[in-house]
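Heads up, coords24.txt below (compact mmCIF, C-alpha atoms and all ligand atoms):
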```txt
# COMPACT_ATOMS: atom_id res chain seq x y z
CA MET A 57 -11.55 -0.79 -47.04
CA ARG A 58 -14.04 -2.77 -49.09
CA THR A 59 -13.77 -4.23 -52.56
CA VAL A 60 -16.04 -6.19 -54.91
CA VAL A 61 -16.29 -9.94 -54.36
CA ALA A 62 -16.09 -10.61 -58.12
CA PRO A 63 -15.53 -8.51 -61.26
CA VAL A 64 -18.61 -6.58 -62.39
CA GLU A 65 -19.56 -4.51 -65.41
CA GLY A 66 -21.78 -1.45 -65.63
CA GLU A 67 -22.34 1.06 -68.37
CA TYR A 68 -18.97 1.27 -70.16
CA VAL A 69 -16.84 0.19 -67.23
CA ARG A 70 -15.52 -3.00 -65.73
CA VAL A 71 -14.69 -3.03 -62.01
CA GLU A 72 -12.31 -5.55 -60.48
CA SER A 73 -11.24 -6.14 -56.91
CA ARG A 74 -8.03 -4.63 -55.62
CA SER A 75 -6.05 -5.70 -52.57
CA GLU A 76 -4.64 -2.23 -51.89
CA PRO A 77 -6.62 0.74 -50.61
CA GLY A 78 -7.99 3.20 -53.12
CA ILE A 79 -9.55 3.23 -56.57
CA GLU A 80 -7.77 3.38 -59.92
CA VAL A 81 -9.48 4.44 -63.13
CA ASN A 82 -7.72 3.22 -66.29
CA GLY A 83 -4.61 2.83 -64.14
CA ILE A 84 -4.76 6.40 -62.77
CA PRO A 85 -5.17 6.78 -58.99
CA ALA A 86 -8.45 8.49 -57.99
CA THR A 87 -6.77 11.17 -55.87
CA LEU A 88 -6.75 14.97 -55.79
CA GLU A 89 -3.21 14.96 -57.21
CA CYS A 90 -4.48 13.40 -60.43
CA VAL A 91 -7.47 15.71 -60.96
CA ARG A 92 -6.82 17.58 -64.20
CA LYS A 93 -10.19 19.23 -64.80
CA ALA A 94 -13.01 19.97 -62.37
CA ASP A 95 -15.88 22.17 -63.57
CA VAL A 96 -18.81 20.58 -65.40
CA ARG A 97 -17.05 17.20 -65.06
CA VAL A 98 -13.97 15.68 -63.44
CA ASP A 99 -11.07 14.20 -65.44
CA LEU A 100 -7.99 12.44 -64.09
CA VAL A 101 -4.51 12.31 -65.54
CA ASP A 102 -1.47 10.48 -64.29
CA PRO A 103 0.84 13.24 -62.99
CA ASP A 104 3.87 11.10 -63.86
CA ALA A 105 2.86 10.69 -67.52
CA VAL A 106 5.19 12.47 -69.93
CA CYS A 107 2.36 13.46 -72.24
CA THR A 108 -0.74 14.09 -70.17
CA ASP A 109 -3.08 13.42 -73.07
CA ASP A 110 -1.64 9.92 -73.12
CA GLY A 111 -3.38 8.67 -70.04
CA ARG A 112 -6.57 10.46 -69.12
CA ALA A 113 -9.90 9.29 -67.69
CA PHE A 114 -12.96 11.41 -68.46
CA VAL A 115 -16.06 11.99 -66.29
CA VAL A 116 -14.82 9.85 -63.41
CA GLU A 117 -17.35 11.22 -60.92
CA HIS A 118 -20.12 9.04 -62.34
CA VAL A 119 -18.20 5.88 -61.51
CA LEU A 120 -16.56 6.99 -58.23
CA GLY A 121 -19.87 8.22 -56.77
CA PRO A 122 -21.79 4.97 -57.27
CA LEU A 123 -18.85 2.88 -56.02
CA ARG A 124 -18.75 4.86 -52.75
CA LEU A 125 -22.54 4.58 -52.45
CA CYS A 126 -22.06 0.80 -52.55
CA GLY A 127 -19.26 0.96 -49.95
CA VAL A 128 -16.46 0.13 -52.43
CA THR A 129 -13.21 1.90 -51.49
CA ALA A 130 -10.67 -0.36 -53.21
CA ALA A 131 -11.13 -1.26 -56.88
CA SER A 132 -9.68 -1.13 -60.38
CA VAL A 133 -11.97 0.52 -62.92
CA THR A 134 -11.42 0.05 -66.66
CA GLY A 135 -13.31 1.81 -69.44
CA ILE A 136 -14.79 -0.68 -71.92
CA ALA A 137 -16.56 1.55 -74.47
CA SER A 138 -15.50 0.61 -78.01
CA GLU A 139 -17.82 2.79 -80.12
CA TRP A 140 -17.46 6.50 -80.74
CA ASP A 141 -20.33 8.84 -79.88
CA PHE A 142 -19.40 12.18 -81.40
CA SER A 143 -22.40 13.91 -79.83
CA ARG A 144 -20.34 13.75 -76.62
CA PRO A 145 -17.62 16.41 -76.23
CA GLU A 146 -15.40 13.98 -74.31
CA HIS A 147 -15.43 11.54 -77.24
CA ARG A 148 -14.52 14.35 -79.65
CA PHE A 149 -11.63 15.28 -77.32
CA CYS A 150 -10.40 11.67 -77.24
CA TYR A 151 -10.62 11.28 -81.01
CA ALA A 152 -8.57 14.45 -81.47
CA THR A 153 -5.83 13.24 -79.11
CA ALA A 154 -5.56 9.59 -80.21
CA LEU A 155 -7.24 8.29 -77.06
CA GLY A 156 -9.91 5.62 -77.46
CA PRO A 157 -13.57 5.84 -76.44
CA ASP A 158 -12.64 3.68 -73.43
CA ALA A 159 -11.02 6.76 -71.84
CA VAL A 160 -14.56 8.05 -71.14
CA VAL A 161 -15.87 6.11 -68.16
CA SER A 162 -19.30 7.66 -67.76
CA HIS A 163 -22.86 6.91 -68.74
CA PRO A 164 -23.90 8.79 -71.92
CA ALA A 165 -27.20 9.92 -70.37
CA GLY A 166 -25.49 11.68 -67.46
CA LEU A 167 -26.46 9.11 -64.84
CA PRO A 168 -24.21 7.87 -62.01
CA ASN A 169 -24.09 4.39 -63.55
CA PRO A 170 -27.20 2.62 -62.18
CA ALA A 171 -26.20 -0.66 -63.89
CA LEU A 172 -22.84 -0.66 -62.09
CA ALA A 173 -24.46 0.00 -58.70
CA LYS A 174 -26.93 -2.83 -59.33
CA ALA A 175 -24.17 -5.22 -60.40
CA VAL A 176 -22.00 -4.39 -57.37
CA ARG A 177 -24.93 -5.00 -55.01
CA GLU A 178 -25.66 -8.31 -56.73
CA VAL A 179 -22.12 -9.71 -56.41
CA GLY A 180 -21.55 -8.08 -53.03
CA THR A 181 -18.56 -6.44 -51.33
CA GLU A 182 -16.09 -7.68 -48.76
CA PRO A 183 -13.73 -5.97 -46.31
CA ILE A 184 -9.98 -6.05 -46.94
CA ASP A 185 -7.08 -5.09 -44.71
CA GLY A 186 -5.33 -1.76 -44.77
CA GLU A 187 -8.05 0.67 -43.86
CA THR A 188 -7.30 4.33 -43.30
CA ARG A 189 -10.06 6.62 -42.14
CA ALA A 190 -9.62 10.35 -42.51
CA THR A 191 -11.76 13.18 -41.22
CA LEU A 192 -11.15 16.85 -40.51
CA SER A 193 -9.87 18.61 -37.40
CA GLU A 194 -12.11 21.61 -38.17
CA SER A 195 -14.83 22.60 -40.62
CA VAL A 196 -13.69 23.80 -44.04
CA THR A 197 -15.86 26.07 -46.21
CA ARG A 198 -15.65 27.26 -49.77
CA GLU A 199 -18.02 29.94 -51.03
CA THR A 200 -18.58 31.41 -54.47
CA ASP A 201 -21.16 33.60 -56.19
CA VAL A 202 -23.30 30.58 -56.96
CA GLY A 203 -23.07 28.50 -53.80
CA SER A 204 -21.17 27.26 -50.79
CA ILE A 205 -19.96 23.97 -49.39
CA THR A 206 -18.92 23.15 -45.85
CA VAL A 207 -17.25 19.89 -44.84
CA SER A 208 -17.21 19.17 -41.10
CA PRO A 209 -15.62 16.54 -38.85
CA ALA A 210 -17.57 13.37 -38.04
CA GLU A 211 -16.95 10.52 -35.62
CA THR A 212 -14.54 7.81 -36.80
CA GLY A 213 -16.44 5.06 -38.58
CA SER A 214 -19.63 7.07 -38.97
CA GLY A 215 -19.25 7.51 -42.74
CA VAL A 216 -20.72 10.42 -44.66
CA SER A 217 -23.86 12.48 -44.14
CA LEU A 218 -25.08 14.77 -46.91
CA ASP A 219 -27.36 17.80 -46.74
CA LEU A 220 -27.54 19.34 -50.21
CA GLU A 221 -29.45 22.13 -51.89
CA TYR A 222 -29.69 22.89 -55.61
CA ALA A 223 -32.01 25.49 -57.15
CA GLY A 224 -34.30 25.46 -54.12
CA ALA A 225 -34.61 21.66 -53.83
CA ARG A 226 -33.00 19.71 -50.94
CA PHE A 227 -31.66 16.19 -50.61
CA GLY A 228 -30.20 14.50 -47.56
CA ALA A 229 -28.68 11.03 -47.17
CA ASP A 230 -26.46 8.98 -44.89
CA VAL A 231 -23.75 6.87 -46.52
CA PRO A 232 -22.23 4.52 -43.92
CA HIS A 233 -18.75 3.09 -44.54
CA ASP A 234 -20.16 -0.16 -45.98
CA GLY A 235 -22.65 1.54 -48.30
CA ALA A 236 -25.99 3.33 -48.37
CA ARG A 237 -29.44 1.74 -48.18
CA GLY A 238 -30.65 0.18 -51.44
CA ASP A 239 -33.40 2.75 -52.01
CA VAL A 240 -30.92 5.61 -51.49
CA ILE A 241 -28.46 4.07 -53.98
CA GLU A 242 -31.21 3.60 -56.53
CA ALA A 243 -32.57 7.14 -56.12
CA ILE A 244 -29.16 8.74 -56.60
CA THR A 245 -27.87 6.55 -59.43
CA THR A 246 -31.03 7.01 -61.51
CA ALA A 247 -31.02 10.83 -61.16
CA THR A 248 -29.84 12.78 -64.20
CA THR A 249 -27.04 15.37 -64.17
CA PRO A 250 -28.24 18.94 -63.43
CA TYR A 251 -27.39 19.92 -67.03
CA LEU A 252 -30.02 17.49 -68.33
CA ALA A 253 -32.31 17.03 -65.29
CA PRO A 254 -36.03 17.77 -65.71
CA ASP A 255 -36.31 19.55 -62.35
CA ALA A 256 -34.37 20.66 -59.28
CA GLU A 257 -35.33 17.58 -57.22
CA VAL A 258 -33.67 15.27 -59.74
CA ALA A 259 -30.66 17.59 -60.02
CA VAL A 260 -30.02 17.77 -56.27
CA THR A 261 -30.42 13.99 -55.91
CA HIS A 262 -27.85 13.47 -58.68
CA ALA A 263 -25.49 15.93 -56.99
CA ALA A 264 -25.11 13.48 -54.09
CA ALA A 265 -23.09 11.16 -56.37
CA ASP A 266 -20.87 14.01 -57.52
CA VAL A 267 -20.23 15.25 -53.97
CA LEU A 268 -19.35 11.73 -52.80
CA SER A 269 -16.97 11.32 -55.73
CA ASP A 270 -15.20 14.62 -55.28
CA VAL A 271 -15.10 15.26 -51.53
CA VAL A 272 -15.08 11.71 -50.19
CA VAL A 273 -13.32 9.53 -52.80
CA LEU A 274 -10.99 12.00 -54.52
CA GLY A 275 -10.67 14.13 -51.37
CA GLY A 276 -9.86 11.05 -49.29
CA LEU A 277 -12.24 11.94 -46.45
CA GLU A 278 -14.06 8.92 -45.04
CA ASP A 279 -15.96 10.36 -42.05
CA VAL A 280 -17.46 13.80 -42.70
CA ARG A 281 -20.64 15.83 -42.72
CA ILE A 282 -21.17 17.77 -45.94
CA GLU A 283 -23.57 20.69 -46.28
CA ALA A 284 -23.74 22.40 -49.65
CA SER A 285 -25.75 24.83 -51.68
CA LEU A 286 -24.70 24.01 -55.24
CA GLY A 287 -24.96 25.84 -58.53
CA GLY A 288 -23.15 26.36 -61.83
CA ALA A 289 -20.14 24.21 -62.67
CA TYR A 290 -20.03 22.94 -59.10
CA HIS A 291 -17.16 20.42 -59.41
CA ALA A 292 -14.88 23.46 -59.01
CA GLU A 293 -16.35 23.88 -55.51
CA THR A 294 -16.52 20.22 -54.50
CA ILE A 295 -12.94 19.55 -55.61
CA GLY A 296 -11.97 23.00 -54.35
CA VAL A 297 -13.16 22.41 -50.80
CA ALA A 298 -11.28 19.10 -50.65
CA ARG A 299 -8.10 20.86 -51.82
CA ARG A 300 -8.65 23.62 -49.28
CA ALA A 301 -8.94 21.06 -46.47
CA ARG A 302 -5.46 19.78 -47.41
CA GLU A 303 -4.01 23.28 -47.74
CA GLN A 304 -5.36 24.24 -44.31
CA GLY A 305 -3.82 21.12 -42.80
CA ALA A 306 -7.27 20.14 -41.55
CA VAL A 307 -7.16 16.50 -42.71
CA THR A 308 -6.51 14.01 -39.92
CA GLY A 309 -5.98 10.35 -40.73
CA LEU A 310 -6.40 7.30 -38.59
CA GLU A 311 -5.08 3.82 -39.25
CA ARG A 312 -7.50 1.24 -37.92
CA PRO A 313 -6.66 -2.35 -37.13
CA ALA A 314 -8.23 -4.92 -39.46
CA ALA A 315 -10.39 -6.30 -36.67
CA ASP A 316 -11.97 -2.91 -36.00
CA ARG A 317 -14.02 -2.40 -39.14
ZN ZN B 401 -22.74 14.38 -62.08
```

Now, as a test, write the supplied structure out as structure tokens.
Amino acid sequence: MRTVVAPVEGEYVRVESRSEPGIEVNGIPATLECVRKADVRVDLVDPDAVCTDDGRAFVVEHVLGPLRLCGVTAASVTGIASEWDFSRPEHRFCYATALGPDAVVSHPAGLPNPALAKAVREVGTEPIDGETRATLSESVTRETDVGSITVSPAETGSGVSLDLEYAGARFGADVPHDGARGDVIEAITTATTPYLAPDAEVAVTHAAADVLSDVVVLGGLEDVRIEASLGGAYHAETIGVARRAREQGAVTGLERPAADR
């Protein structure tokens, strides 16, 4: 596991180090169990909360993706937005349910938080004890009318490799356990969401952040190869394939000693 050396802030979030494995967003664990909505965006709710509108984090993929790109796998994320922006549907939802604007932890322009990625790289990351590395025992595929995604086993410690297609454009990247190359991080975090992207190249580059968030962070899969042809509200597929991997019993975990990172 890796965490940030010092607290950092990006667009509308503050990220602090955590001594336990995993990422929390506004106190909610970033796990498949807490995913409440996965279509055009991903929201988390605490499954133990009595009223689920009480504790909810909106658009978490645009903070989880950049953190994984930087190698961060243990952190506490807190929303820090204090102003309403009623052009955003998530803000209208929050206002209607008595949540604050800080429940929305994403960049308003649909970017995977380039300022956060820059800040994390500036302060640096450090390994902590307690690492678990999970991969798959077999490939898992999910197909729909608009695309398909296959997640395949990879060697322990190898990290993630991505081969993505969106509207005819392709993007590939390697994301080792301690983070991607600087130019890869910058390319992905400055690429706009497919709903606002000027062309397919930008859209497919952006999708890398979403796939990392959903399959790797929320899905809890550290060492995998991911091939996907994406379209439509693709978080249903990226979250869906991670859920299918669990249902099929294909997830295999491995505790590694602290010295073997
Ligand atoms: Zn996105």

Could you give me, as a tab-separated table, every chain A residue with an atom at most 8 Å from ligand ZN 401 (chain B), plus its closest atom pair and distance in Å to one decimal, counting all atoms listed in the file, rows ordered by chain then number?
```
residue	atom	partner	partner_atom	distance
A:Arg97	CA	B:ZN401	ZN	7.0
A:Glu117	CA	B:ZN401	ZN	6.4
A:His118	CA	B:ZN401	ZN	6.0
A:Gly166	CA	B:ZN401	ZN	6.6
A:Leu167	CA	B:ZN401	ZN	7.0
A:Pro168	CA	B:ZN401	ZN	6.7
A:Thr248	CA	B:ZN401	ZN	7.6
A:Thr249	CA	B:ZN401	ZN	4.9
A:Pro250	CA	B:ZN401	ZN	7.3
A:His262	CA	B:ZN401	ZN	6.2
A:Ala263	CA	B:ZN401	ZN	6.0
A:Ala265	CA	B:ZN401	ZN	6.6
A:Asp266	CA	B:ZN401	ZN	4.9
```

Can you build me a table of region 113-184 of chain A residues sitting at most 10 Å from region 221-244 of chain A, with the closest atom pair per residue and its distance in Å to one decimal, using only C-alpha atoms, sorted by chain and residue number, as a Markdown table?
```
| residue | atom | partner | partner_atom | distance |
| --- | --- | --- | --- | --- |
| A:Gly121 | CA | A:Ile244 | CA | 9.3 |
| A:Pro122 | CA | A:Ile241 | CA | 7.5 |
| A:Leu123 | CA | A:Gly235 | CA | 8.7 |
| A:Arg124 | CA | A:Gly235 | CA | 6.8 |
| A:Leu125 | CA | A:Gly235 | CA | 5.1 |
| A:Cys126 | CA | A:Gly235 | CA | 4.4 |
| A:Gly127 | CA | A:Gly235 | CA | 3.8 |
| A:Val128 | CA | A:Asp234 | CA | 7.4 |
| A:Thr129 | CA | A:His233 | CA | 9.0 |
| A:Leu167 | CA | A:Ile244 | CA | 8.7 |
| A:Pro168 | CA | A:Ile244 | CA | 7.4 |
| A:Asn169 | CA | A:Ile244 | CA | 9.6 |
| A:Pro170 | CA | A:Glu242 | CA | 7.0 |
| A:Ala171 | CA | A:Glu242 | CA | 9.9 |
| A:Ala173 | CA | A:Ile241 | CA | 7.4 |
| A:Lys174 | CA | A:Glu242 | CA | 8.2 |
| A:Arg177 | CA | A:Gly238 | CA | 8.5 |
| A:Thr181 | CA | A:Asp234 | CA | 8.4 |
| A:Glu182 | CA | A:Asp234 | CA | 9.0 |
| A:Pro183 | CA | A:Asp234 | CA | 8.7 |
```

Just want the 9 Å neighbourhood of Val91 (chain A), counted on all atoms listed in the file, with same-chain residues fewer than 4 positions away dropped. Output as a list in words.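 Result of the neighbour search: Ala86, Thr87, Val98, Asp99, Leu100, Val101, Asp102, Pro103, Leu274 and Ile295 of chain A.
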
Of the listed residues A:Pro85, A:Val116, A:Ala306, A:His291, that which approaches Asp104 (chain A) most closely, counting all atoms listed in the file: A:Pro85

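Shortest atom-to-atom contact with Val260 (chain A) among A:Asp219, A:Glu89, A:Glu146, A:Glu199: A:Asp219, counting all atoms listed in the file.
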
Extract, using only C-alpha atoms, all DNA, RNA and protein residues at most 10 Å from Gly213 (chain A), discarding same-chain residues fewer than 2 positions from it, and format them as a list in words.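 Once the adjacent positions are removed, what remains is Arg189, Ala190, Thr191, Ala210, Glu211, Gly215, Val216, Pro232, His233, Asp234, Glu278, Asp279, Val280, Arg312, Asp316 and Arg317 of chain A.
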
Keeping C-alpha atoms for every residue in the selection just given, could you write it to a file as a JSON list (two decimals), keeping the file's coordinate frame?
```json
[["chain", "number", "residue", "atom", "x", "y", "z"],
["A", 189, "ARG", "CA", -10.06, 6.62, -42.14],
["A", 190, "ALA", "CA", -9.62, 10.35, -42.51],
["A", 191, "THR", "CA", -11.76, 13.18, -41.22],
["A", 210, "ALA", "CA", -17.57, 13.37, -38.04],
["A", 211, "GLU", "CA", -16.95, 10.52, -35.62],
["A", 215, "GLY", "CA", -19.25, 7.51, -42.74],
["A", 216, "VAL", "CA", -20.72, 10.42, -44.66],
["A", 232, "PRO", "CA", -22.23, 4.52, -43.92],
["A", 233, "HIS", "CA", -18.75, 3.09, -44.54],
["A", 234, "ASP", "CA", -20.16, -0.16, -45.98],
["A", 278, "GLU", "CA", -14.06, 8.92, -45.04],
["A", 279, "ASP", "CA", -15.96, 10.36, -42.05],
["A", 280, "VAL", "CA", -17.46, 13.80, -42.70],
["A", 312, "ARG", "CA", -7.50, 1.24, -37.92],
["A", 316, "ASP", "CA", -11.97, -2.91, -36.00],
["A", 317, "ARG", "CA", -14.02, -2.40, -39.14]]
```

Counting all atoms listed in the file, which residue out of A:Ala130, A:Arg299, A:Leu277, A:Ala247 sits closest to Val71 (chain A)? A:Ala130

For Glu293 (chain A), which residue out of A:Glu178, A:Tyr251, A:Arg281, A:Val96 is the nearest one, using all atoms listed in the file?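 Among A:Glu178, A:Tyr251, A:Arg281, A:Val96, it is A:Val96 that comes nearest to Glu293 (chain A).
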
Between CA of Gly111 (chain A) and CA of Arg92 (chain A), what distance in Å does the model show, to one decimal? 11.2 Å

Residue nearest Gly83 (chain A) - candidates A:Leu252, A:Ala113, A:Ala264, A:Ala284, atoms counted: all atoms listed in the file: A:Ala113

Need the axis-aligned box for region 220-229 of chain A with 5 Å each side, so what are the centre and edges in Å to one decimal, as lines of an AutoDock Vina configuration file?
```
center_x = -31.1
center_y = 18.3
center_z = -52.2
size_x = 17.1
size_y = 24.5
size_z = 20.0
```

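Among A:Thr294, A:Thr246, A:Thr59, A:Ser285, the residue with the shortest atom-to-atom distance to Val267 (chain A), counting only C-alpha atoms, is A:Thr294.
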
Please, what distance in Å, to one decimal, runs between CA of Ala105 (chain A) and CA of Gly156 (chain A)?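 About the pair CA of Ala105 (chain A) and CA of Gly156 (chain A): they are 17.0 Å apart.
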
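CA of Val202 (chain A) to CA of Leu286 (chain A) spans 6.9 Å [interatomic distance, one decimal].
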